[in-house]
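Structure file final_39.pdb (PDB, C-alpha atoms) is printed below.
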```pdb
ATOM      1  CA  MET F  52      13.893-156.407-128.153  1.00  0.00           C
ATOM      2  CA  GLN F  53      13.320-155.818-124.468  1.00  0.00           C
ATOM      3  CA  ARG F  54      16.389-153.570-124.294  1.00  0.00           C
ATOM      4  CA  LEU F  55      15.403-151.651-127.414  1.00  0.00           C
ATOM      5  CA  TYR F  56      11.693-151.141-126.857  1.00  0.00           C
ATOM      6  CA  PRO F  57      10.812-150.172-123.261  1.00  0.00           C
ATOM      7  CA  TYR F  58       7.246-151.449-123.793  1.00  0.00           C
ATOM      8  CA  PHE F  59       8.589-155.027-123.762  1.00  0.00           C
ATOM      9  CA  LYS F  60      10.745-154.783-120.623  1.00  0.00           C
ATOM     10  CA  LYS F  61       8.246-156.555-118.362  1.00  0.00           C
ATOM     11  CA  MET F  62       6.797-158.762-121.075  1.00  0.00           C
ATOM     12  CA  PRO F  63       8.193-162.313-121.447  1.00  0.00           C
ATOM     13  CA  VAL F  64       9.137-163.605-124.884  1.00  0.00           C
ATOM     14  CA  LEU F  65       7.549-166.782-126.280  1.00  0.00           C
ATOM     15  CA  THR F  66       9.060-168.928-129.024  1.00  0.00           C
ATOM     16  CA  PRO F  67       8.097-172.240-130.636  1.00  0.00           C
ATOM     17  CA  LYS F  68      10.625-173.866-128.275  1.00  0.00           C
ATOM     18  CA  HIS F  69       8.549-173.021-125.182  1.00  0.00           C
ATOM     19  CA  ASP F  70       6.232-175.592-123.625  1.00  0.00           C
ATOM     20  CA  LEU F  71       3.066-173.505-123.953  1.00  0.00           C
ATOM     21  CA  ARG F  72       0.972-175.765-121.732  1.00  0.00           C
ATOM     22  CA  LYS F  73       3.518-175.238-118.937  1.00  0.00           C
ATOM     23  CA  VAL F  74       3.644-171.464-119.580  1.00  0.00           C
ATOM     24  CA  VAL F  75      -0.159-171.250-119.288  1.00  0.00           C
ATOM     25  CA  ARG F  76      -0.229-173.392-116.151  1.00  0.00           C
ATOM     26  CA  ILE F  77       2.413-171.202-114.463  1.00  0.00           C
ATOM     27  CA  ALA F  78       0.702-167.970-115.576  1.00  0.00           C
ATOM     28  CA  VAL F  79      -2.675-169.148-114.239  1.00  0.00           C
ATOM     29  CA  GLU F  80      -1.297-170.629-110.993  1.00  0.00           C
ATOM     30  CA  THR F  81       0.779-167.558-110.173  1.00  0.00           C
ATOM     31  CA  LYS F  82      -2.055-165.210-111.152  1.00  0.00           C
ATOM     32  CA  ARG F  83       0.346-163.354-113.424  1.00  0.00           C
ATOM     33  CA  GLU F  84      -0.475-159.640-113.309  1.00  0.00           C
ATOM     34  CA  LYS F  85       0.234-158.877-116.985  1.00  0.00           C
ATOM     35  CA  ASP F  86      -1.751-160.496-119.803  1.00  0.00           C
ATOM     36  CA  PHE F  87       0.756-160.136-122.651  1.00  0.00           C
ATOM     37  CA  PHE F  88       3.768-162.026-123.941  1.00  0.00           C
ATOM     38  CA  TRP F  89       5.596-161.212-127.216  1.00  0.00           C
ATOM     39  CA  SER F  90       7.064-163.079-130.175  1.00  0.00           C
ATOM     40  CA  LEU F  91       8.400-162.398-133.653  1.00  0.00           C
ATOM     41  CA  GLU F  92       7.188-165.807-134.829  1.00  0.00           C
ATOM     42  CA  PHE F  93       4.093-165.938-137.070  1.00  0.00           C
ATOM     43  CA  HIS F  94       4.430-169.514-138.325  1.00  0.00           C
ATOM     44  CA  PRO F  95       0.901-170.934-138.677  1.00  0.00           C
ATOM     45  CA  ALA F  96       1.629-174.123-136.673  1.00  0.00           C
ATOM     46  CA  TYR F  97       3.003-172.017-133.806  1.00  0.00           C
ATOM     47  CA  TYR F  98       0.050-169.622-134.003  1.00  0.00           C
ATOM     48  CA  ALA F  99      -2.383-172.554-133.918  1.00  0.00           C
ATOM     49  CA  GLU F 100      -0.476-173.979-130.932  1.00  0.00           C
ATOM     50  CA  LEU F 101      -0.872-170.652-129.114  1.00  0.00           C
ATOM     51  CA  VAL F 102      -4.633-170.683-129.718  1.00  0.00           C
ATOM     52  CA  TYR F 103      -4.861-174.370-128.763  1.00  0.00           C
ATOM     53  CA  ASN F 104      -3.204-173.523-125.430  1.00  0.00           C
ATOM     54  CA  GLY F 105      -5.580-170.664-124.624  1.00  0.00           C
ATOM     55  CA  PHE F 106      -3.766-167.607-125.959  1.00  0.00           C
ATOM     56  CA  LEU F 107      -5.485-164.867-127.902  1.00  0.00           C
ATOM     57  CA  PRO F 108      -2.629-163.892-130.260  1.00  0.00           C
ATOM     58  CA  ILE F 109      -2.927-160.309-131.434  1.00  0.00           C
ATOM     59  CA  ALA F 110      -0.228-158.138-133.010  1.00  0.00           C
ATOM     60  CA  THR F 111       1.167-154.632-132.991  1.00  0.00           C
ATOM     61  CA  GLN F 112       3.305-152.542-135.321  1.00  0.00           C
ATOM     62  CA  LEU F 113       6.450-150.874-133.979  1.00  0.00           C
ATOM     63  CA  PRO F 114       8.565-148.124-135.452  1.00  0.00           C
ATOM     64  CA  PHE F 115      11.760-149.476-136.967  1.00  0.00           C
ATOM     65  CA  PRO F 116      14.327-148.502-136.149  1.00  0.00           C
ATOM     66  CA  PRO F 117      13.145-147.385-132.703  1.00  0.00           C
ATOM     67  CA  PRO F 118      13.125-143.633-132.166  1.00  0.00           C
ATOM     68  CA  TYR F 119      16.675-143.550-130.783  1.00  0.00           C
ATOM     69  CA  PRO F 120      19.735-142.282-132.677  1.00  0.00           C
ATOM     70  CA  ASP F 121      22.127-144.872-134.156  1.00  0.00           C
ATOM     71  CA  LEU F 122      20.128-147.797-132.844  1.00  0.00           C
ATOM     72  CA  LYS F 123      19.426-149.596-136.114  1.00  0.00           C
ATOM     73  CA  ALA F 124      22.981-151.031-136.361  1.00  0.00           C
ATOM     74  CA  GLN F 125      22.856-152.109-132.719  1.00  0.00           C
ATOM     75  CA  ILE F 126      19.516-153.839-133.241  1.00  0.00           C
ATOM     76  CA  LEU F 127      20.694-155.672-136.312  1.00  0.00           C
ATOM     77  CA  ARG F 128      23.829-156.815-134.466  1.00  0.00           C
ATOM     78  CA  ILE F 129      21.704-158.216-131.604  1.00  0.00           C
ATOM     79  CA  ILE F 130      19.009-159.733-133.829  1.00  0.00           C
ATOM     80  CA  PRO F 131      20.557-160.306-137.296  1.00  0.00           C
ATOM     81  CA  SER F 132      17.422-162.028-138.624  1.00  0.00           C
ATOM     82  CA  LEU F 133      15.400-158.892-137.889  1.00  0.00           C
ATOM     83  CA  LYS F 134      16.782-157.201-141.015  1.00  0.00           C
ATOM     84  CA  ASN F 135      15.219-159.850-143.280  1.00  0.00           C
ATOM     85  CA  TYR F 136      12.053-159.818-141.204  1.00  0.00           C
ATOM     86  CA  VAL F 137      11.620-156.031-141.511  1.00  0.00           C
ATOM     87  CA  GLU F 138      12.612-155.955-145.196  1.00  0.00           C
ATOM     88  CA  LYS F 139      10.177-158.771-145.994  1.00  0.00           C
ATOM     89  CA  ARG F 140       7.242-157.019-144.291  1.00  0.00           C
ATOM     90  CA  GLY F 141       8.374-153.412-144.722  1.00  0.00           C
ATOM     91  CA  ARG F 142       7.719-152.779-141.022  1.00  0.00           C
ATOM     92  CA  LEU F 143       8.183-154.448-137.651  1.00  0.00           C
ATOM     93  CA  ILE F 144       5.085-156.354-136.606  1.00  0.00           C
ATOM     94  CA  VAL F 145       5.241-158.169-133.284  1.00  0.00           C
ATOM     95  CA  LEU F 146       2.927-160.949-132.161  1.00  0.00           C
ATOM     96  CA  LEU F 147       1.412-160.338-128.726  1.00  0.00           C
ATOM     97  CA  PRO F 148       0.002-163.623-127.392  1.00  0.00           C
ATOM     98  CA  LYS F 149      -2.433-162.677-124.647  1.00  0.00           C
ATOM     99  CA  LEU F 150      -3.869-164.673-121.769  1.00  0.00           C
ATOM    100  CA  HIS F 151      -6.821-162.339-121.344  1.00  0.00           C
ATOM    101  CA  LYS F 152      -8.114-162.321-117.780  1.00  0.00           C
ATOM    102  CA  LYS F 153     -11.740-161.634-118.691  1.00  0.00           C
ATOM    103  CA  ARG F 154     -11.900-163.617-121.930  1.00  0.00           C
ATOM    104  CA  CYS F 155      -9.238-166.168-121.084  1.00  0.00           C
ATOM    105  CA  LEU F 156      -9.313-169.272-123.221  1.00  0.00           C
ATOM    106  CA  ALA F 157      -7.350-171.191-120.580  1.00  0.00           C
ATOM    107  CA  VAL F 158     -10.311-172.605-118.685  1.00  0.00           C
ATOM    108  CA  ASP F 159     -10.481-175.330-116.079  1.00  0.00           C
ATOM    109  CA  TRP F 160     -13.314-177.210-117.792  1.00  0.00           C
ATOM    110  CA  LYS F 161     -14.082-179.162-114.608  1.00  0.00           C
ATOM    111  CA  GLN F 162     -15.049-175.890-112.912  1.00  0.00           C
ATOM    112  CA  LEU F 163     -17.037-174.479-115.840  1.00  0.00           C
ATOM    113  CA  HIS F 164     -20.737-174.145-115.095  1.00  0.00           C
ATOM    114  CA  VAL F 165     -23.279-173.435-117.826  1.00  0.00           C
ATOM    115  CA  SER F 166     -26.696-172.760-116.374  1.00  0.00           C
ATOM    116  CA  LYS F 167     -29.725-174.699-117.540  1.00  0.00           C
ATOM    117  CA  ASN F 168     -31.254-171.441-118.795  1.00  0.00           C
ATOM    118  CA  ALA F 169     -28.139-170.649-120.890  1.00  0.00           C
ATOM    119  CA  ARG F 170     -28.132-174.158-122.406  1.00  0.00           C
ATOM    120  CA  LYS F 171     -31.820-173.778-123.261  1.00  0.00           C
ATOM    121  CA  ARG F 172     -31.283-170.381-124.943  1.00  0.00           C
ATOM    122  CA  ALA F 173     -28.218-171.681-126.810  1.00  0.00           C
ATOM    123  CA  LYS F 174     -30.359-174.209-128.685  1.00  0.00           C
ATOM    124  CA  LYS F 175     -31.594-171.332-130.865  1.00  0.00           C
ATOM    125  CA  PHE F 176     -28.089-170.650-132.196  1.00  0.00           C
ATOM    126  CA  GLU F 177     -25.755-172.466-134.521  1.00  0.00           C
ATOM    127  CA  ILE F 178     -21.984-172.161-134.638  1.00  0.00           C
ATOM    128  CA  SER F 179     -19.929-173.063-137.678  1.00  0.00           C
ATOM    129  CA  PHE F 180     -16.251-173.131-138.532  1.00  0.00           C
ATOM    130  CA  ASP F 181     -14.420-173.086-141.848  1.00  0.00           C
ATOM    131  CA  SER F 182     -17.339-171.644-143.763  1.00  0.00           C
ATOM    132  CA  ALA F 183     -16.521-167.966-144.352  1.00  0.00           C
ATOM    133  CA  ILE F 184     -12.898-167.124-143.520  1.00  0.00           C
ATOM    134  CA  GLU F 185     -12.675-164.258-146.041  1.00  0.00           C
ATOM    135  CA  LYS F 186     -15.938-162.728-144.807  1.00  0.00           C
ATOM    136  CA  VAL F 187     -14.734-162.957-141.207  1.00  0.00           C
ATOM    137  CA  ILE F 188     -11.421-161.281-142.099  1.00  0.00           C
ATOM    138  CA  ALA F 189     -13.197-158.585-144.131  1.00  0.00           C
ATOM    139  CA  GLY F 190     -15.668-157.950-141.300  1.00  0.00           C
ATOM    140  CA  CYS F 191     -12.872-157.614-138.743  1.00  0.00           C
ATOM    141  CA  MET F 192     -10.948-155.272-141.043  1.00  0.00           C
ATOM    142  CA  LYS F 193     -14.043-153.160-141.702  1.00  0.00           C
ATOM    143  CA  GLN F 194     -14.861-152.785-138.026  1.00  0.00           C
ATOM    144  CA  HIS F 195     -11.353-152.495-136.544  1.00  0.00           C
ATOM    145  CA  GLY F 196      -8.994-151.613-139.410  1.00  0.00           C
ATOM    146  CA  GLU F 197      -5.640-153.176-140.178  1.00  0.00           C
ATOM    147  CA  GLU F 198      -4.403-152.516-136.641  1.00  0.00           C
ATOM    148  CA  TRP F 199      -6.569-155.402-135.507  1.00  0.00           C
ATOM    149  CA  LEU F 200      -5.442-157.912-138.153  1.00  0.00           C
ATOM    150  CA  PHE F 201      -2.043-157.077-139.611  1.00  0.00           C
ATOM    151  CA  GLY F 202      -0.949-158.808-142.823  1.00  0.00           C
ATOM    152  CA  PRO F 203       1.059-161.594-141.126  1.00  0.00           C
ATOM    153  CA  VAL F 204      -1.945-162.482-138.948  1.00  0.00           C
ATOM    154  CA  ARG F 205      -4.299-162.562-141.956  1.00  0.00           C
ATOM    155  CA  ALA F 206      -1.820-164.742-143.874  1.00  0.00           C
ATOM    156  CA  THR F 207      -1.562-167.077-140.872  1.00  0.00           C
ATOM    157  CA  PHE F 208      -5.360-167.365-140.609  1.00  0.00           C
ATOM    158  CA  ARG F 209      -5.626-168.177-144.308  1.00  0.00           C
ATOM    159  CA  TRP F 210      -2.879-170.795-144.116  1.00  0.00           C
ATOM    160  CA  ILE F 211      -4.443-172.486-141.079  1.00  0.00           C
ATOM    161  CA  HIS F 212      -7.805-172.419-142.838  1.00  0.00           C
ATOM    162  CA  SER F 213      -6.455-174.174-145.938  1.00  0.00           C
ATOM    163  CA  HIS F 214      -4.134-176.579-144.057  1.00  0.00           C
ATOM    164  CA  PRO F 215      -6.056-178.144-141.131  1.00  0.00           C
ATOM    165  CA  ILE F 216      -3.882-179.080-138.164  1.00  0.00           C
ATOM    166  CA  LYS F 217      -4.968-182.284-136.410  1.00  0.00           C
ATOM    167  CA  ARG F 218      -4.869-182.254-132.610  1.00  0.00           C
ATOM    168  CA  LYS F 219      -6.202-184.349-129.780  1.00  0.00           C
ATOM    169  CA  VAL F 220      -8.592-182.339-127.632  1.00  0.00           C
ATOM    170  CA  THR F 221     -10.322-183.331-124.440  1.00  0.00           C
ATOM    171  CA  LYS F 222     -14.053-182.856-124.180  1.00  0.00           C
ATOM    172  CA  VAL F 223     -15.286-183.431-120.639  1.00  0.00           C
ATOM    173  CA  GLY F 224     -12.818-186.217-119.983  1.00  0.00           C
ATOM    174  CA  LYS F 225     -13.113-187.821-123.425  1.00  0.00           C
ATOM    175  CA  GLU F 226     -10.370-187.463-126.031  1.00  0.00           C
ATOM    176  CA  GLU F 227     -11.431-186.878-129.603  1.00  0.00           C
ATOM    177  CA  GLU F 228      -9.382-186.073-132.667  1.00  0.00           C
ATOM    178  CA  THR F 229     -10.367-182.803-134.200  1.00  0.00           C
ATOM    179  CA  SER F 230      -9.116-180.363-136.750  1.00  0.00           C
ATOM    180  CA  CYS F 231      -7.797-177.048-135.462  1.00  0.00           C
ATOM    181  CA  SER F 232      -8.307-175.459-138.847  1.00  0.00           C
ATOM    182  CA  SER F 233      -9.665-171.982-138.762  1.00  0.00           C
ATOM    183  CA  SER F 234      -9.612-171.403-135.107  1.00  0.00           C
ATOM    184  CA  SER F 235      -9.209-167.997-136.718  1.00  0.00           C
ATOM    185  CA  SER F 236     -12.721-168.009-138.137  1.00  0.00           C
ATOM    186  CA  SER F 237     -14.113-167.976-134.619  1.00  0.00           C
ATOM    187  CA  VAL F 238     -12.280-164.705-133.910  1.00  0.00           C
TER
END
```
As C-alpha cells, what does this structure read like?
Amino acid sequence: MQRLYPYFKKMPVLTPKHDLRKVVRIAVETKREKDFFWSLEFHPAYYAELVYNGFLPIATQLPFPPPYPDLKAQILRIIPSLKNYVEKRGRLIVLLPKLHKKRCLAVDWKQLHVSKNARKRAKKFEISFDSAIEKVIAGCMKQHGEEWLFGPVRATFRWIHSHPIKRKVTKVGKEEETSCSSSSSSV
C-alpha cells in the first residue's frame, strides 16, 4: 500500500497483531509528529481494541486501482486478498486510526485535572451509552455525509453495539469490569 499510494508513505500500518498499548506508549513518548496510522482491518474486536487504546479510528476511500497505468495487476500480486476486499465492498476503504493530538484519547489519567467549577457544571448533564446507536449514526451521516462514516465503519459500530466486548478498565487506580459495547455511540 505504501508503495502504491504516496499518501501512506510516512504512515505506519497497524494490524491486529500489533501490541496497541505499546504503539500508543511509543507514539506518546516520542511525540510522534503525525497523528495517523492505516489498516485494512475492520473487524469489530480490532476496532474496539483501537478505541480502548486511545485511537480515534476514522476511514477514507481510495481510488482502485490507483491512478497509475497497469498497476492493478501489480497491486493484486502484492496484496492478493485486496481483490476480495475491493470486490466485497465495491471500493477500497482504508481505516485510519488516529492518535489526535488535541482530542487524544490516550490520556495519563494521573495528570488529568478537572476543575471544581467544571465538576459542578457537569452535574447538570447526563451521559448514556447503548441507547440510540441508529440515531447517532443517522445524525453523523446527516451532518457529515458518508465520508465520515463509511459502510464498514457503520457495520462495525452496529456489531459492537449488539455484541458487547468485556474488558478490564482502570478507573483512578481501581480495576472494574465493563462492557466496551458501543464505544461508537459516544462518537
Quick one: 3 Å padding each side, axis-aligned, all listed atoms of range 185-196 of chain F - centre and edge lengths in Å to one decimal, as JSON?
```
{"center_x": -12.5, "center_y": -157.9, "center_z": -141.3, "size_x": 12.9, "size_y": 18.6, "size_z": 15.5}
```
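For the pair CA of Val75 in chain F and CA of Leu101 in chain F, the separation is 9.9 Å.
Nearest-residue note for His214 in chain F: choosing from F:Cys191, F:Ala96, F:Leu200, F:Ala124, the minimum distance belongs to F:Ala96, counting all atoms listed in the file.
When all atoms listed in the file are used to measure the gap to Ser213 in chain F, the shortest distance among F:Pro95, F:Ser90, F:Val187, F:Ala169 belongs to F:Pro95.
Selection result for the displayed file, with the PyMOL selection byres ((chain F and resi 71) around 10) as criterion, is Leu65, Thr66, Pro67, Lys68, His69, Asp70, Arg72, Lys73, Val74, Val75, Arg76, Ile77, Tyr97, Glu100, Leu101, Tyr103, Asn104, Gly105 and Phe106 of chain F.
Across the model, the gap from CA of Thr111 in chain F to CA of Trp199 in chain F is 8.2 Å.
Closest approach to Trp210 in chain F from the set F:Lys82, F:Leu147, F:Ile184, F:Ala173 is made by F:Ile184, with distances taken over all atoms listed in the file.
One distance worth recording is that between CA of Pro114 in chain F and CA of Val145 in chain F, which is 10.8 Å.
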